[in-house]
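Quick look at start-v9.cif (mmCIF, N, CA and C atoms):
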```
data_target
#
loop_
_atom_site.label_atom_id
_atom_site.label_comp_id
_atom_site.auth_asym_id
_atom_site.auth_seq_id
_atom_site.Cartn_x
_atom_site.Cartn_y
_atom_site.Cartn_z
N GLN B 2 -25.39 28.89 -193.91
CA GLN B 2 -26.05 28.14 -192.86
C GLN B 2 -25.21 28.21 -191.59
N VAL B 3 -25.84 28.04 -190.44
CA VAL B 3 -25.12 28.10 -189.17
C VAL B 3 -25.63 26.99 -188.26
N GLN B 4 -24.72 26.39 -187.51
CA GLN B 4 -25.08 25.37 -186.54
C GLN B 4 -24.91 25.96 -185.14
N LEU B 5 -25.86 25.65 -184.27
CA LEU B 5 -25.89 26.23 -182.92
C LEU B 5 -25.91 25.12 -181.87
N VAL B 6 -25.07 25.27 -180.86
CA VAL B 6 -25.01 24.30 -179.77
C VAL B 6 -25.05 25.04 -178.44
N GLU B 7 -26.10 24.77 -177.66
CA GLU B 7 -26.25 25.40 -176.35
C GLU B 7 -25.56 24.58 -175.27
N SER B 8 -25.16 25.26 -174.20
CA SER B 8 -24.62 24.59 -173.03
C SER B 8 -24.86 25.49 -171.81
N GLY B 9 -24.66 24.90 -170.63
CA GLY B 9 -24.76 25.68 -169.40
C GLY B 9 -26.02 25.50 -168.60
N GLY B 10 -26.96 24.72 -169.12
CA GLY B 10 -28.18 24.48 -168.37
C GLY B 10 -27.93 23.58 -167.17
N GLY B 11 -28.94 23.43 -166.32
CA GLY B 11 -28.81 22.56 -165.17
C GLY B 11 -29.89 22.82 -164.14
N LEU B 12 -29.66 22.27 -162.95
CA LEU B 12 -30.59 22.41 -161.84
C LEU B 12 -30.03 23.44 -160.86
N VAL B 13 -30.86 24.40 -160.48
CA VAL B 13 -30.41 25.45 -159.56
C VAL B 13 -31.56 25.80 -158.62
N GLN B 14 -31.23 26.25 -157.44
CA GLN B 14 -32.26 26.68 -156.49
C GLN B 14 -32.76 28.07 -156.84
N ALA B 15 -33.98 28.35 -156.44
CA ALA B 15 -34.55 29.68 -156.64
C ALA B 15 -33.61 30.73 -156.04
N GLY B 16 -33.42 31.82 -156.79
CA GLY B 16 -32.51 32.87 -156.37
C GLY B 16 -31.10 32.71 -156.91
N GLY B 17 -30.83 31.55 -157.47
CA GLY B 17 -29.50 31.27 -157.99
C GLY B 17 -29.28 31.83 -159.38
N SER B 18 -28.12 31.51 -159.95
CA SER B 18 -27.73 32.02 -161.26
C SER B 18 -27.20 30.90 -162.15
N LEU B 19 -27.36 31.11 -163.44
CA LEU B 19 -26.77 30.25 -164.45
C LEU B 19 -26.35 31.13 -165.63
N ARG B 20 -25.35 30.69 -166.37
CA ARG B 20 -25.01 31.35 -167.61
C ARG B 20 -25.07 30.34 -168.75
N LEU B 21 -25.94 30.60 -169.69
CA LEU B 21 -26.05 29.77 -170.87
C LEU B 21 -25.12 30.30 -171.96
N SER B 22 -24.56 29.37 -172.72
CA SER B 22 -23.73 29.73 -173.87
C SER B 22 -24.28 29.05 -175.11
N CYS B 23 -24.06 29.70 -176.24
CA CYS B 23 -24.47 29.13 -177.51
C CYS B 23 -23.32 29.34 -178.49
N ALA B 24 -22.69 28.24 -178.89
CA ALA B 24 -21.57 28.30 -179.81
C ALA B 24 -22.09 28.09 -181.23
N ALA B 25 -21.64 28.96 -182.13
CA ALA B 25 -22.09 28.90 -183.52
C ALA B 25 -20.95 28.52 -184.44
N SER B 26 -21.27 27.75 -185.45
CA SER B 26 -20.29 27.41 -186.49
C SER B 26 -20.97 27.54 -187.85
N GLY B 27 -20.16 27.71 -188.86
CA GLY B 27 -20.73 27.87 -190.20
C GLY B 27 -20.46 29.27 -190.73
N ARG B 28 -21.47 29.85 -191.37
CA ARG B 28 -21.32 31.17 -191.96
C ARG B 28 -21.00 32.22 -190.92
N ALA B 29 -20.51 33.37 -191.35
CA ALA B 29 -20.07 34.46 -190.48
C ALA B 29 -21.07 34.75 -189.38
N PHE B 30 -20.65 34.54 -188.17
CA PHE B 30 -21.51 34.70 -187.01
C PHE B 30 -22.07 36.10 -186.91
N SER B 31 -21.25 37.08 -187.22
CA SER B 31 -21.67 38.47 -187.07
C SER B 31 -22.73 38.89 -188.07
N SER B 32 -23.04 38.04 -189.04
CA SER B 32 -24.08 38.36 -190.00
C SER B 32 -25.47 37.95 -189.50
N TYR B 33 -25.52 37.37 -188.30
CA TYR B 33 -26.78 36.93 -187.72
C TYR B 33 -27.11 37.71 -186.46
N ALA B 34 -28.36 38.12 -186.35
CA ALA B 34 -28.88 38.53 -185.06
C ALA B 34 -29.17 37.26 -184.27
N MET B 35 -29.03 37.33 -182.96
CA MET B 35 -29.16 36.12 -182.14
C MET B 35 -30.23 36.30 -181.07
N GLY B 36 -30.88 35.20 -180.75
CA GLY B 36 -31.92 35.26 -179.73
C GLY B 36 -31.92 34.03 -178.84
N TRP B 37 -32.56 34.18 -177.69
CA TRP B 37 -32.84 33.07 -176.79
C TRP B 37 -34.35 32.98 -176.62
N PHE B 38 -34.85 31.76 -176.70
CA PHE B 38 -36.25 31.47 -176.46
C PHE B 38 -36.33 30.36 -175.44
N ARG B 39 -37.51 30.14 -174.87
CA ARG B 39 -37.68 29.02 -173.95
C ARG B 39 -39.05 28.41 -174.13
N GLN B 40 -39.12 27.14 -173.74
CA GLN B 40 -40.38 26.43 -173.85
C GLN B 40 -40.56 25.52 -172.65
N ALA B 41 -41.61 25.78 -171.89
CA ALA B 41 -41.95 24.95 -170.74
C ALA B 41 -42.93 23.88 -171.18
N PRO B 42 -43.02 22.77 -170.46
CA PRO B 42 -43.94 21.69 -170.83
C PRO B 42 -45.37 22.19 -171.00
N GLY B 43 -45.98 21.85 -172.12
CA GLY B 43 -47.36 22.22 -172.36
C GLY B 43 -47.58 23.66 -172.77
N LYS B 44 -46.49 24.39 -172.97
CA LYS B 44 -46.61 25.81 -173.33
C LYS B 44 -45.93 26.07 -174.68
N GLU B 45 -46.27 27.19 -175.28
CA GLU B 45 -45.64 27.58 -176.53
C GLU B 45 -44.25 28.14 -176.27
N ARG B 46 -43.44 28.07 -177.31
CA ARG B 46 -42.10 28.65 -177.22
C ARG B 46 -42.24 30.16 -177.10
N GLU B 47 -41.48 30.75 -176.19
CA GLU B 47 -41.60 32.19 -175.97
C GLU B 47 -40.25 32.89 -176.01
N PHE B 48 -40.30 34.14 -176.43
CA PHE B 48 -39.12 34.97 -176.52
C PHE B 48 -38.55 35.27 -175.14
N VAL B 49 -37.23 35.24 -175.03
CA VAL B 49 -36.55 35.62 -173.79
C VAL B 49 -35.69 36.86 -174.01
N ALA B 50 -34.81 36.81 -175.01
CA ALA B 50 -33.90 37.94 -175.23
C ALA B 50 -33.31 37.84 -176.63
N ALA B 51 -32.84 38.98 -177.14
CA ALA B 51 -32.18 39.01 -178.44
C ALA B 51 -31.10 40.09 -178.44
N VAL B 52 -30.15 39.92 -179.36
CA VAL B 52 -29.04 40.86 -179.46
C VAL B 52 -28.75 41.11 -180.94
N SER B 53 -28.42 42.35 -181.25
CA SER B 53 -28.17 42.73 -182.64
C SER B 53 -26.82 42.20 -183.12
N TRP B 54 -26.52 42.40 -184.36
CA TRP B 54 -25.35 41.83 -185.02
C TRP B 54 -24.04 42.23 -184.33
N SER B 55 -23.94 43.49 -183.94
CA SER B 55 -22.71 43.96 -183.29
C SER B 55 -22.78 43.84 -181.78
N GLY B 56 -23.97 43.60 -181.27
CA GLY B 56 -24.16 43.56 -179.82
C GLY B 56 -24.56 44.90 -179.23
N SER B 57 -24.75 45.91 -180.07
CA SER B 57 -25.04 47.24 -179.57
C SER B 57 -26.48 47.39 -179.07
N ARG B 58 -27.38 46.56 -179.59
CA ARG B 58 -28.77 46.62 -179.16
C ARG B 58 -29.20 45.28 -178.57
N THR B 59 -29.97 45.35 -177.48
CA THR B 59 -30.50 44.14 -176.87
C THR B 59 -31.99 44.32 -176.59
N TYR B 60 -32.68 43.20 -176.54
CA TYR B 60 -34.10 43.17 -176.26
C TYR B 60 -34.33 42.07 -175.21
N HIS B 61 -35.16 42.34 -174.24
CA HIS B 61 -35.47 41.35 -173.21
C HIS B 61 -36.97 41.32 -172.96
N ALA B 62 -37.49 40.14 -172.75
CA ALA B 62 -38.90 40.01 -172.38
C ALA B 62 -39.14 40.67 -171.03
N ASP B 63 -40.33 41.19 -170.85
CA ASP B 63 -40.65 41.86 -169.58
C ASP B 63 -40.46 40.93 -168.39
N SER B 64 -40.74 39.65 -168.59
CA SER B 64 -40.66 38.69 -167.49
C SER B 64 -39.24 38.46 -166.99
N VAL B 65 -38.24 38.85 -167.78
CA VAL B 65 -36.85 38.61 -167.37
C VAL B 65 -36.04 39.89 -167.24
N LYS B 66 -36.62 41.03 -167.56
CA LYS B 66 -35.89 42.29 -167.47
C LYS B 66 -35.38 42.52 -166.06
N GLY B 67 -34.12 42.93 -165.97
CA GLY B 67 -33.52 43.16 -164.67
C GLY B 67 -32.91 41.92 -164.05
N ARG B 68 -33.21 40.74 -164.63
CA ARG B 68 -32.66 39.48 -164.10
C ARG B 68 -31.77 38.78 -165.11
N PHE B 69 -32.14 38.81 -166.38
CA PHE B 69 -31.38 38.14 -167.44
C PHE B 69 -30.69 39.19 -168.31
N THR B 70 -29.52 38.81 -168.83
CA THR B 70 -28.79 39.70 -169.74
C THR B 70 -28.22 38.89 -170.90
N ILE B 71 -28.53 39.31 -172.11
CA ILE B 71 -27.97 38.67 -173.29
C ILE B 71 -26.75 39.46 -173.74
N SER B 72 -25.76 38.74 -174.25
CA SER B 72 -24.57 39.38 -174.81
C SER B 72 -23.98 38.44 -175.86
N ARG B 73 -23.04 38.97 -176.63
CA ARG B 73 -22.39 38.14 -177.64
C ARG B 73 -20.93 38.53 -177.77
N ASP B 74 -20.13 37.56 -178.20
CA ASP B 74 -18.71 37.77 -178.46
C ASP B 74 -18.46 37.27 -179.88
N ASN B 75 -18.38 38.19 -180.83
CA ASN B 75 -18.23 37.77 -182.23
C ASN B 75 -16.88 37.14 -182.50
N ALA B 76 -15.88 37.47 -181.71
CA ALA B 76 -14.57 36.85 -181.88
C ALA B 76 -14.59 35.37 -181.50
N LYS B 77 -15.52 35.02 -180.60
CA LYS B 77 -15.63 33.63 -180.14
C LYS B 77 -16.84 32.92 -180.75
N ASN B 78 -17.57 33.60 -181.61
CA ASN B 78 -18.77 33.01 -182.24
C ASN B 78 -19.74 32.47 -181.19
N THR B 79 -19.94 33.24 -180.14
CA THR B 79 -20.74 32.76 -179.01
C THR B 79 -21.70 33.85 -178.53
N VAL B 80 -22.89 33.42 -178.17
CA VAL B 80 -23.86 34.30 -177.52
C VAL B 80 -24.15 33.73 -176.13
N TYR B 81 -24.37 34.62 -175.18
CA TYR B 81 -24.55 34.22 -173.79
C TYR B 81 -25.90 34.71 -173.26
N LEU B 82 -26.38 34.01 -172.25
CA LEU B 82 -27.54 34.48 -171.50
C LEU B 82 -27.20 34.32 -170.02
N GLN B 83 -26.93 35.43 -169.37
CA GLN B 83 -26.68 35.43 -167.94
C GLN B 83 -28.02 35.53 -167.22
N MET B 84 -28.31 34.54 -166.39
CA MET B 84 -29.60 34.48 -165.70
C MET B 84 -29.37 34.56 -164.20
N ASN B 85 -29.86 35.62 -163.59
CA ASN B 85 -29.74 35.82 -162.15
C ASN B 85 -31.12 35.81 -161.51
N SER B 86 -31.14 35.66 -160.20
CA SER B 86 -32.41 35.68 -159.44
C SER B 86 -33.44 34.76 -160.06
N LEU B 87 -33.02 33.54 -160.36
CA LEU B 87 -33.90 32.60 -161.04
C LEU B 87 -35.10 32.23 -160.19
N LYS B 88 -36.22 32.01 -160.89
CA LYS B 88 -37.48 31.65 -160.24
C LYS B 88 -37.94 30.29 -160.78
N PRO B 89 -38.76 29.58 -160.03
CA PRO B 89 -39.29 28.29 -160.54
C PRO B 89 -39.99 28.44 -161.88
N GLU B 90 -40.63 29.56 -162.13
CA GLU B 90 -41.32 29.76 -163.41
C GLU B 90 -40.37 29.97 -164.59
N ASP B 91 -39.06 30.06 -164.31
CA ASP B 91 -38.07 30.12 -165.39
C ASP B 91 -37.72 28.72 -165.90
N THR B 92 -38.22 27.70 -165.25
CA THR B 92 -37.94 26.33 -165.66
C THR B 92 -38.46 26.08 -167.07
N ALA B 93 -37.58 25.63 -167.96
CA ALA B 93 -37.93 25.41 -169.36
C ALA B 93 -36.71 24.87 -170.10
N VAL B 94 -36.94 24.45 -171.33
CA VAL B 94 -35.84 24.20 -172.25
C VAL B 94 -35.53 25.53 -172.94
N TYR B 95 -34.27 25.91 -172.91
CA TYR B 95 -33.85 27.17 -173.49
C TYR B 95 -33.17 26.90 -174.84
N TYR B 96 -33.61 27.65 -175.85
CA TYR B 96 -33.12 27.49 -177.21
C TYR B 96 -32.41 28.75 -177.69
N CYS B 97 -31.30 28.54 -178.35
CA CYS B 97 -30.58 29.60 -179.02
C CYS B 97 -31.07 29.63 -180.48
N ALA B 98 -31.14 30.84 -181.05
CA ALA B 98 -31.62 30.96 -182.42
C ALA B 98 -30.87 32.06 -183.15
N ALA B 99 -30.77 31.90 -184.48
CA ALA B 99 -30.08 32.88 -185.32
C ALA B 99 -31.02 33.37 -186.41
N ALA B 100 -30.94 34.66 -186.69
CA ALA B 100 -31.82 35.27 -187.69
C ALA B 100 -31.02 36.11 -188.67
N SER B 101 -31.36 35.95 -189.96
CA SER B 101 -30.73 36.77 -190.99
C SER B 101 -31.75 37.69 -191.66
N SER B 102 -32.97 37.68 -191.15
CA SER B 102 -34.06 38.41 -191.80
C SER B 102 -33.85 39.91 -191.84
N SER B 103 -34.08 40.48 -193.01
CA SER B 103 -34.00 41.93 -193.15
C SER B 103 -35.14 42.63 -192.41
N ALA B 104 -36.17 41.86 -192.06
CA ALA B 104 -37.31 42.44 -191.31
C ALA B 104 -36.86 43.03 -189.98
N LEU B 105 -35.78 42.48 -189.43
CA LEU B 105 -35.29 42.98 -188.15
C LEU B 105 -34.88 44.44 -188.22
N ARG B 106 -34.47 44.88 -189.40
CA ARG B 106 -34.01 46.26 -189.56
C ARG B 106 -35.17 47.24 -189.76
N LYS B 107 -36.37 46.69 -190.03
CA LYS B 107 -37.51 47.54 -190.37
C LYS B 107 -38.58 47.55 -189.29
N ASP B 108 -38.67 46.45 -188.55
CA ASP B 108 -39.79 46.27 -187.65
C ASP B 108 -39.29 45.69 -186.33
N ASP B 109 -39.29 46.51 -185.29
CA ASP B 109 -38.77 46.07 -184.00
C ASP B 109 -39.52 44.86 -183.45
N SER B 110 -40.78 44.72 -183.79
CA SER B 110 -41.55 43.60 -183.26
C SER B 110 -41.04 42.26 -183.77
N SER B 111 -40.30 42.27 -184.87
CA SER B 111 -39.77 41.03 -185.43
C SER B 111 -38.81 40.34 -184.48
N TRP B 112 -38.12 41.10 -183.68
CA TRP B 112 -37.14 40.52 -182.76
C TRP B 112 -37.78 39.53 -181.80
N TYR B 113 -39.05 39.69 -181.53
CA TYR B 113 -39.72 38.90 -180.49
C TYR B 113 -40.43 37.66 -181.04
N LYS B 114 -40.40 37.47 -182.35
CA LYS B 114 -41.22 36.43 -182.97
C LYS B 114 -40.43 35.20 -183.34
N VAL B 115 -40.97 34.03 -183.01
CA VAL B 115 -40.30 32.76 -183.29
C VAL B 115 -39.98 32.62 -184.78
N PHE B 116 -40.92 32.97 -185.64
CA PHE B 116 -40.75 32.70 -187.06
C PHE B 116 -39.71 33.60 -187.74
N THR B 117 -39.25 34.62 -187.03
CA THR B 117 -38.20 35.48 -187.58
C THR B 117 -36.87 34.73 -187.67
N TYR B 118 -36.68 33.76 -186.82
CA TYR B 118 -35.39 33.10 -186.65
C TYR B 118 -35.28 31.87 -187.55
N ASP B 119 -34.13 31.77 -188.23
CA ASP B 119 -33.95 30.75 -189.26
C ASP B 119 -33.33 29.46 -188.75
N TYR B 120 -32.48 29.58 -187.76
CA TYR B 120 -31.73 28.41 -187.29
C TYR B 120 -31.87 28.30 -185.78
N TRP B 121 -31.94 27.05 -185.32
CA TRP B 121 -32.19 26.76 -183.91
C TRP B 121 -31.23 25.69 -183.40
N GLY B 122 -30.85 25.83 -182.13
CA GLY B 122 -30.10 24.78 -181.47
C GLY B 122 -31.04 23.72 -180.94
N GLN B 123 -30.45 22.71 -180.29
CA GLN B 123 -31.22 21.59 -179.77
C GLN B 123 -31.84 21.88 -178.41
N GLY B 124 -31.37 22.91 -177.75
CA GLY B 124 -31.93 23.29 -176.46
C GLY B 124 -31.14 22.76 -175.28
N THR B 125 -31.25 23.47 -174.16
CA THR B 125 -30.63 23.04 -172.92
C THR B 125 -31.64 23.23 -171.79
N GLN B 126 -31.74 22.24 -170.92
CA GLN B 126 -32.75 22.27 -169.87
C GLN B 126 -32.29 23.13 -168.69
N VAL B 127 -33.17 24.00 -168.25
CA VAL B 127 -32.94 24.77 -167.03
C VAL B 127 -34.08 24.44 -166.07
N THR B 128 -33.72 23.97 -164.88
CA THR B 128 -34.71 23.63 -163.87
C THR B 128 -34.40 24.42 -162.60
N VAL B 129 -35.40 25.17 -162.13
CA VAL B 129 -35.23 25.98 -160.93
C VAL B 129 -36.14 25.40 -159.84
N SER B 130 -35.53 24.97 -158.76
CA SER B 130 -36.30 24.37 -157.66
C SER B 130 -36.66 25.44 -156.62
N SER B 131 -37.80 25.24 -155.99
CA SER B 131 -38.27 26.23 -155.01
C SER B 131 -37.77 25.89 -153.61
#
```
As structure tokens, please, write out the structure in this file.
Amino acid sequence: QVQLVESGGGLVQAGGSLRLSCAASGRAFSSYAMGWFRQAPGKEREFVAAVSWSGSRTYHADSVKGRFTISRDNAKNTVYLQMNSLKPEDTAVYYCAAASSSALRKDDSSWYKVFTYDYWGQGTQVTVSS
């Protein structure tokens, strides 16, 4: 099992930047693929980005490509989401998630799905003002 704690959210003006962090404890961090999702009021939780076990592969939603970057540091048991050029539509609660599913190795579409991920943090609020 793994416990996840997000930090780094806050209020920022449009065009600004934030870096989210997710600290993991418990079982070997490197045995989990990691993802970031977000959920705005009244909307479903949606995929933002994911990173493979070693960090060699990353996936980003089309809506954030070129602006957000996911990375991980297995020595620090931490995954990051660097968010640049923020827009008001990026306003949401951002969740860190961990996945141990073998489906990730067989089906690339699994990386983008909420139900692939086994463990979730409590979320951190990101608010972008116009």
Next item on the list: Write out as JSON, numbers by chain each polymer residue whose atoms come within 6 Å of Phe38 of chain B, counting only N, CA and C atoms; drop sequence neighbours fewer than 2 positions from it.
Entry: {"B": [36, 40, 47, 48, 49, 50, 94, 95, 96, 97, 98]}
Margin query: Nearest residue to Gly124 of chain B out of B:Thr70, B:Ser64, B:Ser32, B:Ser8, using all atoms listed in the file?
Written below: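 Answer, going by the shortest atom-to-atom distance: B:Ser8.
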Next item on the list: Find the residue from B:Ser57, B:Val127, B:Val52, B:Thr117 that sits nearest to Ala100 of chain B; use only N, CA and C atoms when measuring.
Entry: B:Thr117
Check: How many Å separate atom C of Ala76 of chain B from atom N of Asp63 of chain B?
Finding: 28.5 Å
Next item on the list: Taking the file as shown, find all residues satisfying the PyMOL selection byres ((chain B and resi 72) around 7) and write them as a PyMOL selection string.
Entry: chain B and resi 51-52+56+70-71+73-74+79-83
Keeping only N, CA and C atoms, write the selected residues as a CSV table (one decimal), in the coordinates of the input.
```
chain,number,residue,atom,x,y,z
B,51,ALA,N,-32.8,39.0,-177.1
B,51,ALA,CA,-32.2,39.0,-178.4
B,51,ALA,C,-31.1,40.1,-178.4
B,52,VAL,N,-30.2,39.9,-179.4
B,52,VAL,CA,-29.0,40.9,-179.5
B,52,VAL,C,-28.8,41.1,-180.9
B,56,GLY,N,-24.0,43.6,-181.3
B,56,GLY,CA,-24.2,43.6,-179.8
B,56,GLY,C,-24.6,44.9,-179.2
B,70,THR,N,-29.5,38.8,-168.8
B,70,THR,CA,-28.8,39.7,-169.7
B,70,THR,C,-28.2,38.9,-170.9
B,71,ILE,N,-28.5,39.3,-172.1
B,71,ILE,CA,-28.0,38.7,-173.3
B,71,ILE,C,-26.8,39.5,-173.7
B,73,ARG,N,-23.0,39.0,-176.6
B,73,ARG,CA,-22.4,38.1,-177.6
B,73,ARG,C,-20.9,38.5,-177.8
B,74,ASP,N,-20.1,37.6,-178.2
B,74,ASP,CA,-18.7,37.8,-178.5
B,74,ASP,C,-18.5,37.3,-179.9
B,79,THR,N,-19.9,33.2,-180.1
B,79,THR,CA,-20.7,32.8,-179.0
B,79,THR,C,-21.7,33.8,-178.5
B,80,VAL,N,-22.9,33.4,-178.2
B,80,VAL,CA,-23.9,34.3,-177.5
B,80,VAL,C,-24.2,33.7,-176.1
B,81,TYR,N,-24.4,34.6,-175.2
B,81,TYR,CA,-24.6,34.2,-173.8
B,81,TYR,C,-25.9,34.7,-173.3
B,82,LEU,N,-26.4,34.0,-172.2
B,82,LEU,CA,-27.5,34.5,-171.5
B,82,LEU,C,-27.2,34.3,-170.0
B,83,GLN,N,-26.9,35.4,-169.4
B,83,GLN,CA,-26.7,35.4,-167.9
B,83,GLN,C,-28.0,35.5,-167.2
```
Next item on the list: Run DSSP on the backbone and give me the residues of segment 3-131 of chain B it puts in strand (DSSP E), as a PyMOL selection string.
Entry: chain B and resi 3-8+11-14+19-27+34-40+47-52+59-61+69-74+79-84+93-100+120-121+125-130
Next item on the list: Would you list the contacts of Gly9 of chain B as a list of chain:residue names, taking every protein, DNA or RNA residue within 7 Å and counting only C-alpha atoms, but skipping same-chain residues closer than 6 positions in sequence?
Entry: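 Skipping anything fewer than 6 positions along the chain leaves B:Arg20, B:Leu21, B:Ser22.
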I need the residues from that last selection saved to file as a short mmCIF file (atom, residue, chain, number, x, y, z; two decimals), keeping the file's coordinate frame (with N, CA and C atoms), if you can.
```
data_model
loop_
_atom_site.label_atom_id
_atom_site.label_comp_id
_atom_site.auth_asym_id
_atom_site.auth_seq_id
_atom_site.Cartn_x
_atom_site.Cartn_y
_atom_site.Cartn_z
N ARG B 20 -25.35 30.69 -166.37
CA ARG B 20 -25.01 31.35 -167.61
C ARG B 20 -25.07 30.34 -168.75
N LEU B 21 -25.94 30.60 -169.69
CA LEU B 21 -26.05 29.77 -170.87
C LEU B 21 -25.12 30.30 -171.96
N SER B 22 -24.56 29.37 -172.72
CA SER B 22 -23.73 29.73 -173.87
C SER B 22 -24.28 29.05 -175.11
#
```
At a cut-off of 5 Å around the point (-23.0, 28.9, -189.5) (file coordinates), what residues fall inside when counting all atoms listed in the file? I'd like the answer as a PDB file with N, CA and C atoms, in the coordinates of the input.
```pdb
ATOM      1  N   GLN B   2     -25.390  28.890-193.910  1.00  0.00           N
ATOM      2  CA  GLN B   2     -26.050  28.140-192.860  1.00  0.00           C
ATOM      3  C   GLN B   2     -25.210  28.210-191.590  1.00  0.00           C
ATOM      4  N   VAL B   3     -25.840  28.040-190.440  1.00  0.00           N
ATOM      5  CA  VAL B   3     -25.120  28.100-189.170  1.00  0.00           C
ATOM      6  C   VAL B   3     -25.630  26.990-188.260  1.00  0.00           C
ATOM      7  N   GLN B   4     -24.720  26.390-187.510  1.00  0.00           N
ATOM      8  CA  GLN B   4     -25.080  25.370-186.540  1.00  0.00           C
ATOM      9  C   GLN B   4     -24.910  25.960-185.140  1.00  0.00           C
ATOM     10  N   SER B  26     -21.270  27.750-185.450  1.00  0.00           N
ATOM     11  CA  SER B  26     -20.290  27.410-186.490  1.00  0.00           C
ATOM     12  C   SER B  26     -20.970  27.540-187.850  1.00  0.00           C
ATOM     13  N   GLY B  27     -20.160  27.710-188.860  1.00  0.00           N
ATOM     14  CA  GLY B  27     -20.730  27.870-190.200  1.00  0.00           C
ATOM     15  C   GLY B  27     -20.460  29.270-190.730  1.00  0.00           C
ATOM     16  N   ARG B  28     -21.470  29.850-191.370  1.00  0.00           N
ATOM     17  CA  ARG B  28     -21.320  31.170-191.960  1.00  0.00           C
ATOM     18  C   ARG B  28     -21.000  32.220-190.920  1.00  0.00           C
TER      19      ARG B  28
END
```
Check: In Å, with one decimal, what is the gap from atom CA of Ala25 of chain B to atom N of Ser102 of chain B?
Finding: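 So the two atoms, atom CA of Ala25 of chain B and atom N of Ser102 of chain B, lie 15.9 Å apart.
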Checklist line | Top pick for closest residue to Thr128 of chain B, considering B:Arg68, B:Leu19, B:Glu7, B:Arg58 and counting only C-alpha atoms | finding: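 Smallest separation from Thr128 of chain B among the options: B:Leu19.
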Notebook entry, point to check: What residues come out when you apply the PyMOL selection byres (((chain B and resi 91 and name CA) around 9) and name CA) to this file, written as a PyMOL selection string?
Noted result: chain B and resi 39+41+65+87-90+92-93+127-129
Notebook entry, point to check: atom CA of Gly17 of chain B and atom C of Met35 of chain B, how far apart in Å?
Noted result: 23.6 Å
Next item on the list: Enumerate, as a ChimeraX atom specification, the residues matched when the PyMOL selection byres ((chain B and resi 119) around 6) is run on the file above.
Entry: /B:99-101,116-118,120-121
Next item on the list: Take the point (-33.8, 43.6, -185.8) in the file's coordinates, draw a sphere of radius 9 Å around it, and report as number ranges by chain every protein, DNA or RNA residue with an atom inside or on it, counting only C-alpha atoms.
Entry: B: 34, 51-54, 58, 100, 102-112
